[in-house]
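Dumped target33.pdb below, it's PDB, C-alpha atoms and all ligand atoms:
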```pdb
ATOM      1  CA  MET D   1      44.610   3.169  33.744
ATOM      2  CA  THR D   2      45.336   6.899  33.611
ATOM      3  CA  LEU D   3      45.964   7.883  29.976
ATOM      4  CA  ARG D   4      48.921  10.190  29.408
ATOM      5  CA  VAL D   5      48.738  13.013  26.837
ATOM      6  CA  GLY D   6      50.584  16.316  26.642
ATOM      7  CA  VAL D   7      52.182  19.051  24.610
ATOM      8  CA  VAL D   8      55.677  18.651  23.188
ATOM      9  CA  GLY D   9      57.706  21.820  22.630
ATOM     10  CA  TRP D  10      60.711  23.903  23.681
ATOM     11  CA  PRO D  11      60.092  25.865  25.790
ATOM     12  CA  VAL D  12      56.673  24.610  26.819
ATOM     13  CA  ALA D  13      56.215  25.388  30.524
ATOM     14  CA  HIS D  14      54.049  28.469  29.748
ATOM     15  CA  SER D  15      51.416  26.384  27.886
ATOM     16  CA  ARG D  16      47.731  26.936  28.781
ATOM     17  CA  SER D  17      46.848  23.472  27.438
ATOM     18  CA  PRO D  18      47.042  21.590  30.788
ATOM     19  CA  ALA D  19      44.376  23.944  32.195
ATOM     20  CA  ILE D  20      42.169  23.537  29.103
ATOM     21  CA  PHE D  21      42.384  19.738  29.040
ATOM     22  CA  GLY D  22      42.089  19.492  32.845
ATOM     23  CA  GLU D  23      38.728  21.279  32.635
ATOM     24  CA  TRP D  24      37.527  18.853  29.941
ATOM     25  CA  PHE D  25      38.766  15.762  31.840
ATOM     26  CA  ALA D  26      36.763  16.853  34.888
ATOM     27  CA  ARG D  27      33.671  17.585  32.806
ATOM     28  CA  HIS D  28      33.704  14.253  30.992
ATOM     29  CA  GLY D  29      35.022  12.090  33.859
ATOM     30  CA  ILE D  30      38.067  11.021  31.831
ATOM     31  CA  ASP D  31      40.953   9.382  33.666
ATOM     32  CA  ALA D  32      43.844  11.125  31.944
ATOM     33  CA  ARG D  33      46.571  13.629  32.655
ATOM     34  CA  TYR D  34      47.923  16.312  30.314
ATOM     35  CA  GLU D  35      51.613  17.163  30.739
ATOM     36  CA  THR D  36      54.010  19.702  29.326
ATOM     37  CA  ILE D  37      56.789  17.671  27.687
ATOM     38  CA  PRO D  38      59.925  19.756  27.076
ATOM     39  CA  VAL D  39      62.014  18.288  24.254
ATOM     40  CA  PRO D  40      65.194  20.159  23.233
ATOM     41  CA  PRO D  41      65.501  20.868  19.487
ATOM     42  CA  GLY D  42      68.307  18.343  18.987
ATOM     43  CA  GLU D  43      66.193  15.546  20.478
ATOM     44  CA  ALA D  44      62.873  16.057  18.695
ATOM     45  CA  ASP D  45      63.607  13.702  15.785
ATOM     46  CA  ALA D  46      64.439  10.849  18.152
ATOM     47  CA  PHE D  47      61.409  11.633  20.323
ATOM     48  CA  PHE D  48      58.919  11.279  17.478
ATOM     49  CA  ALA D  49      60.817   8.386  15.822
ATOM     50  CA  THR D  50      60.525   6.351  19.047
ATOM     51  CA  PHE D  51      57.254   7.824  20.304
ATOM     52  CA  PRO D  52      56.969   6.923  24.025
ATOM     53  CA  ALA D  53      54.896   3.756  24.486
ATOM     54  CA  ASP D  54      52.974   5.276  27.408
ATOM     55  CA  LEU D  55      51.953   8.423  25.499
ATOM     56  CA  HIS D  56      48.387   8.144  24.173
ATOM     57  CA  GLY D  57      48.821  11.177  21.903
ATOM     58  CA  CYS D  58      50.175  14.698  21.980
ATOM     59  CA  ASN D  59      49.957  18.265  20.839
ATOM     60  CA  VAL D  60      53.068  19.797  19.325
ATOM     61  CA  THR D  61      54.157  23.394  19.570
ATOM     62  CA  ILE D  62      57.101  25.558  18.518
ATOM     63  CA  PRO D  63      59.673  24.555  17.315
ATOM     64  CA  HIS D  64      58.719  20.911  16.641
ATOM     65  CA  LYS D  65      55.686  21.085  14.343
ATOM     66  CA  GLY D  66      57.747  20.303  11.224
ATOM     67  CA  VAL D  67      59.695  17.478  12.883
ATOM     68  CA  ALA D  68      56.505  15.847  14.195
ATOM     69  CA  ALA D  69      55.031  15.937  10.707
ATOM     70  CA  ARG D  70      57.965  13.917   9.339
ATOM     71  CA  HIS D  71      57.137  10.994  11.630
ATOM     72  CA  ALA D  72      53.376  10.641  11.139
ATOM     73  CA  ARG D  73      50.779   9.930   8.467
ATOM     74  CA  LEU D  74      49.457  13.387   7.727
ATOM     75  CA  GLU D  75      45.815  14.331   7.366
ATOM     76  CA  GLY D  76      43.998  17.547   6.469
ATOM     77  CA  ALA D  77      45.943  20.778   6.827
ATOM     78  CA  ALA D  78      49.060  18.907   8.001
ATOM     79  CA  ALA D  79      49.258  17.144   4.632
ATOM     80  CA  ARG D  80      49.025  20.490   2.812
ATOM     81  CA  LEU D  81      51.389  22.419   5.086
ATOM     82  CA  GLY D  82      53.921  19.819   6.282
ATOM     83  CA  VAL D  83      53.463  20.830   9.938
ATOM     84  CA  ALA D  84      51.545  19.047  12.684
ATOM     85  CA  ASN D  85      50.236  20.101  16.099
ATOM     86  CA  THR D  86      48.058  17.088  16.952
ATOM     87  CA  VAL D  87      49.363  13.496  16.988
ATOM     88  CA  TRP D  88      47.380  10.339  17.709
ATOM     89  CA  ARG D  89      47.738   6.562  17.341
ATOM     90  CA  GLU D  90      45.628   4.757  14.773
ATOM     91  CA  GLY D  91      46.019   1.220  13.424
ATOM     92  CA  GLY D  92      49.463   0.872  14.977
ATOM     93  CA  ALA D  93      50.803   4.040  13.329
ATOM     94  CA  LEU D  94      51.181   7.673  14.316
ATOM     95  CA  HIS D  95      48.777  10.022  12.563
ATOM     96  CA  ALA D  96      48.838  13.802  12.714
ATOM     97  CA  THR D  97      46.998  16.900  11.648
ATOM     98  CA  SER D  98      47.345  20.625  12.072
ATOM     99  CA  SER D  99      44.335  22.120  13.847
ATOM    100  CA  ASP D 100      45.316  25.798  14.160
ATOM    101  CA  GLY D 101      43.507  26.877  10.995
ATOM    102  CA  GLU D 102      40.405  24.863  11.867
ATOM    103  CA  GLY D 103      40.502  26.370  15.355
ATOM    104  CA  PHE D 104      40.660  29.858  13.890
ATOM    105  CA  ILE D 105      37.683  29.290  11.582
ATOM    106  CA  ARG D 106      35.576  27.687  14.322
ATOM    107  CA  SER D 107      36.376  30.577  16.637
ATOM    108  CA  LEU D 108      35.231  33.085  14.005
ATOM    109  CA  ASP D 109      32.080  31.068  13.277
ATOM    110  CA  GLU D 110      31.266  30.987  16.978
ATOM    111  CA  ALA D 111      32.053  34.604  17.827
ATOM    112  CA  ARG D 112      30.721  36.177  14.656
ATOM    113  CA  PRO D 113      28.123  33.955  12.966
ATOM    114  CA  GLY D 114      27.534  35.109   9.408
ATOM    115  CA  TRP D 115      30.959  36.728   9.012
ATOM    116  CA  ALA D 116      31.584  34.599   5.929
ATOM    117  CA  ASP D 117      28.554  36.070   4.140
ATOM    118  CA  VAL D 118      29.909  39.619   4.289
ATOM    119  CA  PRO D 119      31.312  40.450   0.857
ATOM    120  CA  GLY D 120      34.986  41.383   0.652
ATOM    121  CA  VAL D 121      38.468  39.964   0.926
ATOM    122  CA  ALA D 122      40.173  38.595   4.009
ATOM    123  CA  VAL D 123      43.341  40.539   4.805
ATOM    124  CA  VAL D 124      45.872  38.462   6.732
ATOM    125  CA  LEU D 125      48.806  40.227   8.372
ATOM    126  CA  GLY D 126      51.851  38.006   8.874
ATOM    127  CA  ALA D 127      53.461  35.082   7.099
ATOM    128  CA  GLY D 128      54.863  33.014   9.992
ATOM    129  CA  GLY D 129      53.645  29.612  11.157
ATOM    130  CA  ALA D 130      50.303  30.811  12.508
ATOM    131  CA  ALA D 131      49.591  33.030   9.492
ATOM    132  CA  VAL D 132      50.197  30.083   7.152
ATOM    133  CA  SER D 133      47.575  28.009   9.011
ATOM    134  CA  VAL D 134      45.065  30.862   9.117
ATOM    135  CA  ALA D 135      45.520  31.710   5.427
ATOM    136  CA  ASP D 136      45.304  28.039   4.426
ATOM    137  CA  ALA D 137      42.042  27.577   6.371
ATOM    138  CA  LEU D 138      40.496  30.727   4.899
ATOM    139  CA  ALA D 139      41.524  29.661   1.386
ATOM    140  CA  GLU D 140      40.042  26.192   1.973
ATOM    141  CA  ARG D 141      36.753  27.911   2.818
ATOM    142  CA  GLY D 142      36.958  29.741  -0.515
ATOM    143  CA  HIS D 143      37.800  33.241   0.722
ATOM    144  CA  ALA D 144      39.764  35.663  -1.448
ATOM    145  CA  LEU D 145      42.932  36.570   0.443
ATOM    146  CA  VAL D 146      45.310  39.502   0.651
ATOM    147  CA  ILE D 147      48.507  38.850   2.622
ATOM    148  CA  ALA D 148      50.846  41.518   3.978
ATOM    149  CA  ASN D 149      53.983  40.931   6.005
ATOM    150  CA  ARG D 150      57.005  42.887   7.196
ATOM    151  CA  THR D 151      59.196  40.633   5.035
ATOM    152  CA  THR D 152      57.438  41.011   1.699
ATOM    153  CA  GLU D 153      59.004  37.913   0.112
ATOM    154  CA  LYS D 154      57.324  35.707   2.719
ATOM    155  CA  ALA D 155      53.958  37.350   2.018
ATOM    156  CA  GLU D 156      54.453  36.675  -1.696
ATOM    157  CA  GLU D 157      55.360  33.039  -1.047
ATOM    158  CA  LEU D 158      52.305  32.514   1.175
ATOM    159  CA  ALA D 159      50.012  34.299  -1.283
ATOM    160  CA  ARG D 160      51.260  31.977  -4.055
ATOM    161  CA  ALA D 161      50.695  28.910  -1.872
ATOM    162  CA  VAL D 162      47.086  29.782  -0.998
ATOM    163  CA  GLY D 163      46.102  31.426  -4.285
ATOM    164  CA  GLY D 164      45.886  34.934  -2.791
ATOM    165  CA  THR D 165      47.462  38.316  -3.474
ATOM    166  CA  ALA D 166      50.407  39.866  -1.644
ATOM    167  CA  ALA D 167      50.174  43.525  -0.648
ATOM    168  CA  LEU D 168      52.901  45.872   0.471
ATOM    169  CA  TRP D 169      52.398  47.095   4.044
ATOM    170  CA  ASP D 170      52.187  50.678   2.703
ATOM    171  CA  ASP D 171      49.333  49.640   0.400
ATOM    172  CA  LEU D 172      47.190  48.261   3.235
ATOM    173  CA  PRO D 173      44.702  51.166   3.215
ATOM    174  CA  ASP D 174      43.625  50.109  -0.284
ATOM    175  CA  ALA D 175      43.269  46.453   0.709
ATOM    176  CA  LEU D 176      41.366  47.334   3.885
ATOM    177  CA  SER D 177      38.790  49.391   2.012
ATOM    178  CA  GLY D 178      37.523  46.186   0.369
ATOM    179  CA  ALA D 179      37.915  43.865   3.348
ATOM    180  CA  ALA D 180      35.297  41.772   5.136
ATOM    181  CA  LEU D 181      37.896  40.452   7.570
ATOM    182  CA  LEU D 182      41.211  41.691   8.950
ATOM    183  CA  VAL D 183      43.366  39.182  10.856
ATOM    184  CA  ASN D 184      46.472  39.991  12.834
ATOM    185  CA  ALA D 185      48.566  36.816  12.619
ATOM    186  CA  THR D 186      51.843  38.565  13.444
ATOM    187  CA  SER D 187      53.340  38.585  16.920
ATOM    188  CA  LEU D 188      52.818  42.359  17.166
ATOM    189  CA  GLY D 189      50.727  43.174  20.239
ATOM    190  CA  MET D 190      51.771  40.006  22.079
ATOM    191  CA  GLY D 191      53.221  40.414  25.594
ATOM    192  CA  ASN D 192      55.899  43.083  25.573
ATOM    193  CA  ASN D 193      56.097  43.255  21.772
ATOM    194  CA  PRO D 194      55.278  46.572  20.132
ATOM    195  CA  PRO D 195      51.601  46.997  19.224
ATOM    196  CA  LEU D 196      50.276  46.622  15.698
ATOM    197  CA  CYS D 197      49.627  50.216  14.678
ATOM    198  CA  LEU D 198      47.287  50.364  11.720
ATOM    199  CA  ASP D 199      44.746  52.966  10.680
ATOM    200  CA  LEU D 200      41.444  51.079  10.623
ATOM    201  CA  ALA D 201      39.519  53.985   9.078
ATOM    202  CA  PRO D 202      39.443  52.447   5.559
ATOM    203  CA  LEU D 203      37.669  49.258   6.770
ATOM    204  CA  PRO D 204      33.976  49.043   5.886
ATOM    205  CA  ALA D 205      31.606  49.184   8.891
ATOM    206  CA  SER D 206      30.627  45.543   8.194
ATOM    207  CA  ALA D 207      34.187  44.252   8.621
ATOM    208  CA  THR D 208      35.355  41.943  11.409
ATOM    209  CA  VAL D 209      38.760  42.399  13.052
ATOM    210  CA  ALA D 210      40.364  39.252  14.506
ATOM    211  CA  ASP D 211      43.592  39.074  16.471
ATOM    212  CA  ILE D 212      45.103  35.641  17.078
ATOM    213  CA  VAL D 213      47.291  37.040  19.874
ATOM    214  CA  TYR D 214      45.693  36.022  23.205
ATOM    215  CA  HIS D 215      48.177  37.492  25.665
ATOM    216  CA  PRO D 216      46.821  40.091  26.242
ATOM    217  CA  LEU D 217      43.283  39.168  25.276
ATOM    218  CA  GLU D 218      42.379  42.734  24.346
ATOM    219  CA  THR D 219      45.201  43.851  22.060
ATOM    220  CA  PRO D 220      45.609  47.484  21.000
ATOM    221  CA  LEU D 221      44.320  46.426  17.551
ATOM    222  CA  LEU D 222      41.081  45.032  19.003
ATOM    223  CA  ALA D 223      40.690  48.071  21.249
ATOM    224  CA  ALA D 224      41.019  50.364  18.212
ATOM    225  CA  ALA D 225      38.524  48.238  16.271
ATOM    226  CA  ARG D 226      35.994  48.497  19.118
ATOM    227  CA  VAL D 227      36.387  52.276  19.150
ATOM    228  CA  ARG D 228      35.512  52.210  15.451
ATOM    229  CA  GLY D 229      32.432  50.099  16.251
ATOM    230  CA  LEU D 230      33.698  47.034  14.361
ATOM    231  CA  ALA D 231      33.046  43.423  15.363
ATOM    232  CA  VAL D 232      36.096  41.889  17.064
ATOM    233  CA  VAL D 233      37.282  38.331  17.714
ATOM    234  CA  ASP D 234      40.100  37.653  20.193
ATOM    235  CA  GLY D 235      42.753  34.925  19.970
ATOM    236  CA  LEU D 236      41.614  32.739  22.855
ATOM    237  CA  GLY D 237      38.832  31.128  20.837
ATOM    238  CA  MET D 238      41.360  29.835  18.288
ATOM    239  CA  LEU D 239      43.489  28.327  21.059
ATOM    240  CA  LEU D 240      40.498  26.572  22.621
ATOM    241  CA  HIS D 241      38.947  25.340  19.372
ATOM    242  CA  GLN D 242      42.223  23.939  18.001
ATOM    243  CA  ALA D 243      42.498  21.894  21.207
ATOM    244  CA  THR D 244      39.102  20.231  20.626
ATOM    245  CA  VAL D 245      40.607  18.332  17.673
ATOM    246  CA  GLY D 246      43.149  16.480  19.819
ATOM    247  CA  PHE D 247      40.612  15.756  22.544
ATOM    248  CA  GLU D 248      38.256  14.202  20.011
ATOM    249  CA  LYS D 249      41.030  12.108  18.418
ATOM    250  CA  TRP D 250      42.235  10.795  21.790
ATOM    251  CA  PHE D 251      38.960  10.336  23.668
ATOM    252  CA  GLY D 252      36.241  10.175  21.000
ATOM    253  CA  ILE D 253      34.298  13.169  22.305
ATOM    254  CA  ARG D 254      34.056  16.658  20.799
ATOM    255  CA  PRO D 255      34.307  18.864  23.921
ATOM    256  CA  ALA D 256      32.492  22.172  24.236
ATOM    257  CA  VAL D 257      34.153  25.574  24.180
ATOM    258  CA  ASP D 258      32.320  27.899  26.537
ATOM    259  CA  GLU D 259      32.796  30.706  29.046
ATOM    260  CA  THR D 260      33.821  28.318  31.849
ATOM    261  CA  LEU D 261      36.578  26.927  29.643
ATOM    262  CA  ARG D 262      37.737  30.436  28.729
ATOM    263  CA  ARG D 263      38.015  31.258  32.447
ATOM    264  CA  ALA D 264      39.901  27.994  33.133
ATOM    265  CA  ALA D 265      42.369  28.746  30.324
ATOM    266  CA  LEU D 266      43.023  32.252  31.643
ATOM    267  CA  ALA D 267      43.328  31.310  35.330
ATOM    268  CA  PRO D 268      46.774  32.225  36.711
TER     269      PRO D 268
HETATM  270  P1  LIG D 301      56.310  33.393  13.839
HETATM  271  O1  LIG D 301      56.309  32.185  12.962
HETATM  272  O2  LIG D 301      57.548  33.765  14.574
HETATM  273  O3  LIG D 301      55.858  34.643  12.911
HETATM  274  C1  LIG D 301      55.860  35.958  13.433
HETATM  275  C2  LIG D 301      55.177  36.887  12.444
HETATM  276  O4  LIG D 301      55.119  38.201  13.033
HETATM  277  C3  LIG D 301      55.941  37.052  11.119
HETATM  278  O5  LIG D 301      55.023  37.305  10.088
HETATM  279  C4  LIG D 301      56.796  38.281  11.405
HETATM  280  O6  LIG D 301      57.183  38.997  10.245
HETATM  281  C5  LIG D 301      55.829  39.124  12.189
HETATM  282  N1  LIG D 301      56.520  40.098  13.033
HETATM  283  C6  LIG D 301      57.274  39.838  14.143
HETATM  284  N2  LIG D 301      57.762  40.999  14.641
HETATM  285  C7  LIG D 301      57.322  41.995  13.829
HETATM  286  C8  LIG D 301      57.496  43.410  13.811
HETATM  287  N3  LIG D 301      58.236  44.041  14.746
HETATM  288  N4  LIG D 301      56.891  44.136  12.831
HETATM  289  C9  LIG D 301      56.122  43.500  11.881
HETATM  290  N5  LIG D 301      55.927  42.167  11.833
HETATM  291  C10 LIG D 301      56.524  41.417  12.801
HETATM  292  O7  LIG D 301      55.171  33.286  14.945
HETATM  293  P2  LIG D 301      53.782  32.501  14.849
HETATM  294  O8  LIG D 301      53.953  31.145  15.391
HETATM  295  O9  LIG D 301      53.266  32.666  13.465
HETATM  296  O10 LIG D 301      52.890  33.306  15.908
HETATM  297  C11 LIG D 301      52.438  34.607  15.644
HETATM  298  C12 LIG D 301      51.502  35.054  16.761
HETATM  299  O11 LIG D 301      50.347  34.228  16.759
HETATM  300  C13 LIG D 301      52.099  34.936  18.168
HETATM  301  O12 LIG D 301      51.708  36.074  18.906
HETATM  302  C14 LIG D 301      51.439  33.706  18.749
HETATM  303  O13 LIG D 301      51.276  33.779  20.154
HETATM  304  C15 LIG D 301      50.071  33.770  18.075
HETATM  305  N6  LIG D 301      49.430  32.438  17.944
HETATM  306  C16 LIG D 301      48.189  32.300  18.464
HETATM  307  C17 LIG D 301      47.547  31.072  18.356
HETATM  308  C18 LIG D 301      46.182  30.897  18.930
HETATM  309  O14 LIG D 301      45.738  29.754  19.088
HETATM  310  N7  LIG D 301      45.469  31.964  19.215
HETATM  311  C19 LIG D 301      48.191  29.989  17.715
HETATM  312  C20 LIG D 301      49.474  30.191  17.197
HETATM  313  C21 LIG D 301      50.087  31.430  17.319
HETATM  314  P3  LIG D 301      58.550  38.593   9.462
HETATM  315  O15 LIG D 301      58.192  37.415   8.602
HETATM  316  O16 LIG D 301      58.888  39.797   8.701
HETATM  317  O17 LIG D 301      59.572  38.241  10.520
END
```

Please express the file's structure as structure tokens.
Ligand code: NAP
Amino acid sequence: MTLRVGVVGWPVAHSRSPAIFGEWFARHGIDARYETIPVPPGEADAFFATFPADLHGCNVTIPHKGVAARHARLEGAAARLGVANTVWREGGALHATSSDGEGFIRSLDEARPGWADVPGVAVVLGAGGAAVSVADALAERGHALVIANRTTEKAEELARAVGGTAALWDDLPDALSGAALLVNATSLGMGNNPPLCLDLAPLPASATVADIVYHPLETPLLAAARVRGLAVVDGLGMLLHQATVGFEKWFGIRPAVDETLRRAALAP
């Protein structure tokens, strides 16, 4: 029987996940299909309360990560954050976790082995859903964090939650001078959004610059970091590595993230 999995969101048609999972199904000979499942905001509670009997499991994207979490037994980051992006069945119940932070860390580990040994703080820009996951995962790994965000109150709230420090945007040069890692977790640089304009001169030469935006893959921030000769990590790795968590929960195999998968995810 063909197993049905998919991603629940609104809107969700743009998702790259069907291409990612399709590549893995072919590789591992798994009889499954991965669908985009559009669920309007007013219907999300009912969807997860009466989870479709023919759905083996699902990913969850904006704006339903909080709603999904209310209907499942939460594990890992989902239990800490109250949001879920990966749902599976276990012992007759729905279970869920949030794999974005794990995906981010695995992507960094893969692209820049040894980054965690470089002394210095991790500076996270942003305090939205993705920034919360990234900051939580870095804090779990024991990194000292500085958070800056356009809306300072949200940076302060996130810094309190993860045991870090909030910085004003204007004070970033100071924070960058002691940074081992700079992460753009805002939506600046994505699609037609304005670029993230930041003077990278204060960063030490040993610092890594990561951008979780993956459309475009080479953001103006990463381009500027390359010009400065800094190590860079793009956002596609996070997207691919977070997806491995669902695949493993649903099919019992940890799939590989490699260049072929990157090409499959980017194919038009
Ligand atoms: P979100 O919850 O809407 O948060 C957006 C963040 O960007 C907030 O911190 C917001 O600041 C900031 N921001 C937006 N416009 C800004 C501007 N003009 N100037 C300064 N800051 C601005 O979005 P999200 O879900 O966290 O996603 C953020 C980005 O991460 C998106 O580009 C998304 O595609 C990407 N992402 C990538 C992955 C991956 O797997 N690679 C996963 C998830 C998300 P305020 O708080 O002040 O509004």

request  = Determine the residue membership of the PyMOL selection byres (((chain D and resi 137) around 8) and not hetatm) for the file above and supply it as number ranges by chain.
outcome  = D: 77, 101-102, 104-105, 133-136, 138-141

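Residue nearest Glu259 (chain D) within the list D:Leu240, D:Ala49, D:Ala68, D:Tyr214: D:Leu240 [criterion: smallest interatomic distance, only C-alpha atoms].
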
ask   = Taking only C-alpha atoms and all ligand atoms into account, which of D:Leu203, D:Ala155, D:Ala179, D:Ala231 comes nearest ligand LIG 301 (chain D)?
value =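 Under the stated criterion, the closest residue is D:Ala155.
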
ask   = Hey, which residues come within 7 Å of ligand LIG 301 (chain D) if we count only C-alpha atoms and all ligand atoms? Could you give them as a list in words?
value =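 The neighbouring residues of ligand LIG 301 (chain D) are, in order, Asp100, Gly126, Ala127, Gly128, Gly129, Ala130, Ala131, Asn149, Arg150, Thr151, Lys154, Ala185, Thr186, Ser187, Leu188, Met190, Pro194, Ile212, Val213, Tyr214, Gly235, Leu236, Gly237, Met238, Leu239 and Gln242 of chain D.
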
Long-range neighbours of Ala175 (chain D) as a list of chain:residue names, 9 Å cut-off, all atoms listed in the file, 3 positions minimum in chain = D:Val121, D:Val123, D:Val146, D:Ala167, D:Asp171, D:Leu172, D:Gly178, D:Ala179, D:Pro202, D:Leu203

request  = Determine the nearest neighbour of Gly164 (chain D) from the options D:Ala201, D:Val232, D:Ala122, D:Leu55, counting only C-alpha atoms.
outcome  = D:Ala122

ask   = So how many Å separate CA of Val233 (chain D) and CA of Leu266 (chain D), to one decimal?
value =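 Atom-to-atom, CA of Val233 (chain D) to CA of Leu266 (chain D), that is 16.2 Å.
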
Shell around Gly6 (chain D) at 10 Å using all atoms listed in the file, local window under 5 positions removed, as a PDB file with C-alpha atoms, in the coordinates of the input:
```pdb
ATOM      1  CA  SER D  17      46.848  23.472  27.438  1.00  0.00           C
ATOM      2  CA  PRO D  18      47.042  21.590  30.788  1.00  0.00           C
ATOM      3  CA  PHE D  21      42.384  19.738  29.040  1.00  0.00           C
ATOM      4  CA  ARG D  33      46.571  13.629  32.655  1.00  0.00           C
ATOM      5  CA  TYR D  34      47.923  16.312  30.314  1.00  0.00           C
ATOM      6  CA  GLU D  35      51.613  17.163  30.739  1.00  0.00           C
ATOM      7  CA  THR D  36      54.010  19.702  29.326  1.00  0.00           C
ATOM      8  CA  ILE D  37      56.789  17.671  27.687  1.00  0.00           C
ATOM      9  CA  PRO D  38      59.925  19.756  27.076  1.00  0.00           C
ATOM     10  CA  LEU D  55      51.953   8.423  25.499  1.00  0.00           C
ATOM     11  CA  HIS D  56      48.387   8.144  24.173  1.00  0.00           C
ATOM     12  CA  GLY D  57      48.821  11.177  21.903  1.00  0.00           C
ATOM     13  CA  CYS D  58      50.175  14.698  21.980  1.00  0.00           C
ATOM     14  CA  ASN D  59      49.957  18.265  20.839  1.00  0.00           C
ATOM     15  CA  VAL D  60      53.068  19.797  19.325  1.00  0.00           C
TER      16      VAL D  60
END
```

task = Rank nothing, just name the residue among D:Pro268, D:Phe25, D:Ala93, D:Arg70 nearest to Ala44 (chain D), using all atoms listed in the file.
result =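 Among the listed residues, the smallest separation from Ala44 (chain D) belongs to D:Arg70.
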
Resolved residues for the PyMOL selection byres (((chain D and resi 80-88) around 6) and not hetatm) as a PyMOL selection string = chain D and resi 57-60+65-66+69+77-79+89+94-98+246

task = Kindly extract all protein, DNA and RNA residues lying within 6 Å of the coordinates (41.1, 24.1, 33.2) given in the file, considering only C-alpha atoms, and supply them as a PyMOL selection string.
result = chain D and resi 19-20+22-23+264-265

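With all atoms listed in the file as the atoms that count, the minimum distance from Arg112 (chain D) to the choices D:Val209, D:Ala256, D:Leu176, D:Ala148 is reached by D:Val209.
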
key: Separation of CA of Ala166 (chain D) from CA of Ala180 (chain D), in Å and rounded to one decimal   =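 Value for the CA of Ala166 (chain D)-CA of Ala180 (chain D) distance: 16.7 Å.
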
inquiry  = My list of candidates is D:Trp10, D:Phe247, D:Trp115, D:Trp169. Which is closest to Thr61 (chain D) when distances are computed with all atoms listed in the file?
reply    = D:Trp10

inquiry  = Please enumerate the residues selected by the PyMOL selection byres (((chain D and resi 39) around 10) and not hetatm) when evaluated against the supplied file, formatted as number ranges by chain.
reply    = D: 7-12, 36-38, 40-47, 63-64

key: Separation of CA of Ala161 (chain D) from CA of Pro173 (chain D) in Å   =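 Answer for the CA of Pro173 (chain D) to CA of Ala161 (chain D) separation: 23.6 Å.
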
Could you pull region 107-117 of chain D out of the structure I just pasted and write it to a file containing N, CA, C and O atoms, as an mmCIF file, in the first residue's frame?
```
data_model
loop_
_atom_site.group_PDB
_atom_site.id
_atom_site.type_symbol
_atom_site.label_atom_id
_atom_site.label_comp_id
_atom_site.auth_asym_id
_atom_site.auth_seq_id
_atom_site.Cartn_x
_atom_site.Cartn_y
_atom_site.Cartn_z
ATOM 1 N N SER D 107 23.315 21.141 9.579
ATOM 2 C CA SER D 107 23.793 21.808 8.362
ATOM 3 C C SER D 107 25.129 22.502 8.631
ATOM 4 O O SER D 107 26.055 22.426 7.819
ATOM 5 N N LEU D 108 25.224 23.173 9.763
ATOM 6 C CA LEU D 108 26.491 23.832 10.137
ATOM 7 C C LEU D 108 27.596 22.801 10.329
ATOM 8 O O LEU D 108 28.713 22.978 9.838
ATOM 9 N N ASP D 109 27.271 21.729 11.049
ATOM 10 C CA ASP D 109 28.271 20.670 11.303
ATOM 11 C C ASP D 109 28.797 20.104 9.991
ATOM 12 O O ASP D 109 29.969 19.798 9.855
ATOM 13 N N GLU D 110 27.878 19.944 9.032
ATOM 14 C CA GLU D 110 28.261 19.344 7.752
ATOM 15 C C GLU D 110 29.087 20.323 6.907
ATOM 16 O O GLU D 110 30.122 19.958 6.354
ATOM 17 N N ALA D 111 28.617 21.563 6.843
ATOM 18 C CA ALA D 111 29.264 22.528 5.939
ATOM 19 C C ALA D 111 30.544 23.097 6.528
ATOM 20 O O ALA D 111 31.446 23.512 5.799
ATOM 21 N N ARG D 112 30.611 23.149 7.840
ATOM 22 C CA ARG D 112 31.745 23.809 8.489
ATOM 23 C C ARG D 112 32.158 23.012 9.721
ATOM 24 O O ARG D 112 31.935 23.438 10.862
ATOM 25 N N PRO D 113 32.725 21.803 9.499
ATOM 26 C CA PRO D 113 33.125 20.989 10.654
ATOM 27 C C PRO D 113 34.095 21.794 11.522
ATOM 28 O O PRO D 113 34.946 22.501 11.000
ATOM 29 N N GLY D 114 33.932 21.704 12.817
ATOM 30 C CA GLY D 114 34.836 22.411 13.718
ATOM 31 C C GLY D 114 34.392 23.820 14.062
ATOM 32 O O GLY D 114 35.015 24.488 14.884
ATOM 33 N N TRP D 115 33.273 24.274 13.469
ATOM 34 C CA TRP D 115 32.824 25.646 13.750
ATOM 35 C C TRP D 115 32.583 25.847 15.250
ATOM 36 O O TRP D 115 32.837 26.935 15.780
ATOM 37 N N ALA D 116 32.142 24.789 15.920
ATOM 38 C CA ALA D 116 31.772 24.928 17.329
ATOM 39 C C ALA D 116 32.992 25.101 18.226
ATOM 40 O O ALA D 116 32.864 25.507 19.378
ATOM 41 N N ASP D 117 34.177 24.781 17.710
ATOM 42 C CA ASP D 117 35.393 24.914 18.528
ATOM 43 C C ASP D 117 35.991 26.315 18.457
ATOM 44 O O ASP D 117 36.927 26.637 19.183
#
```
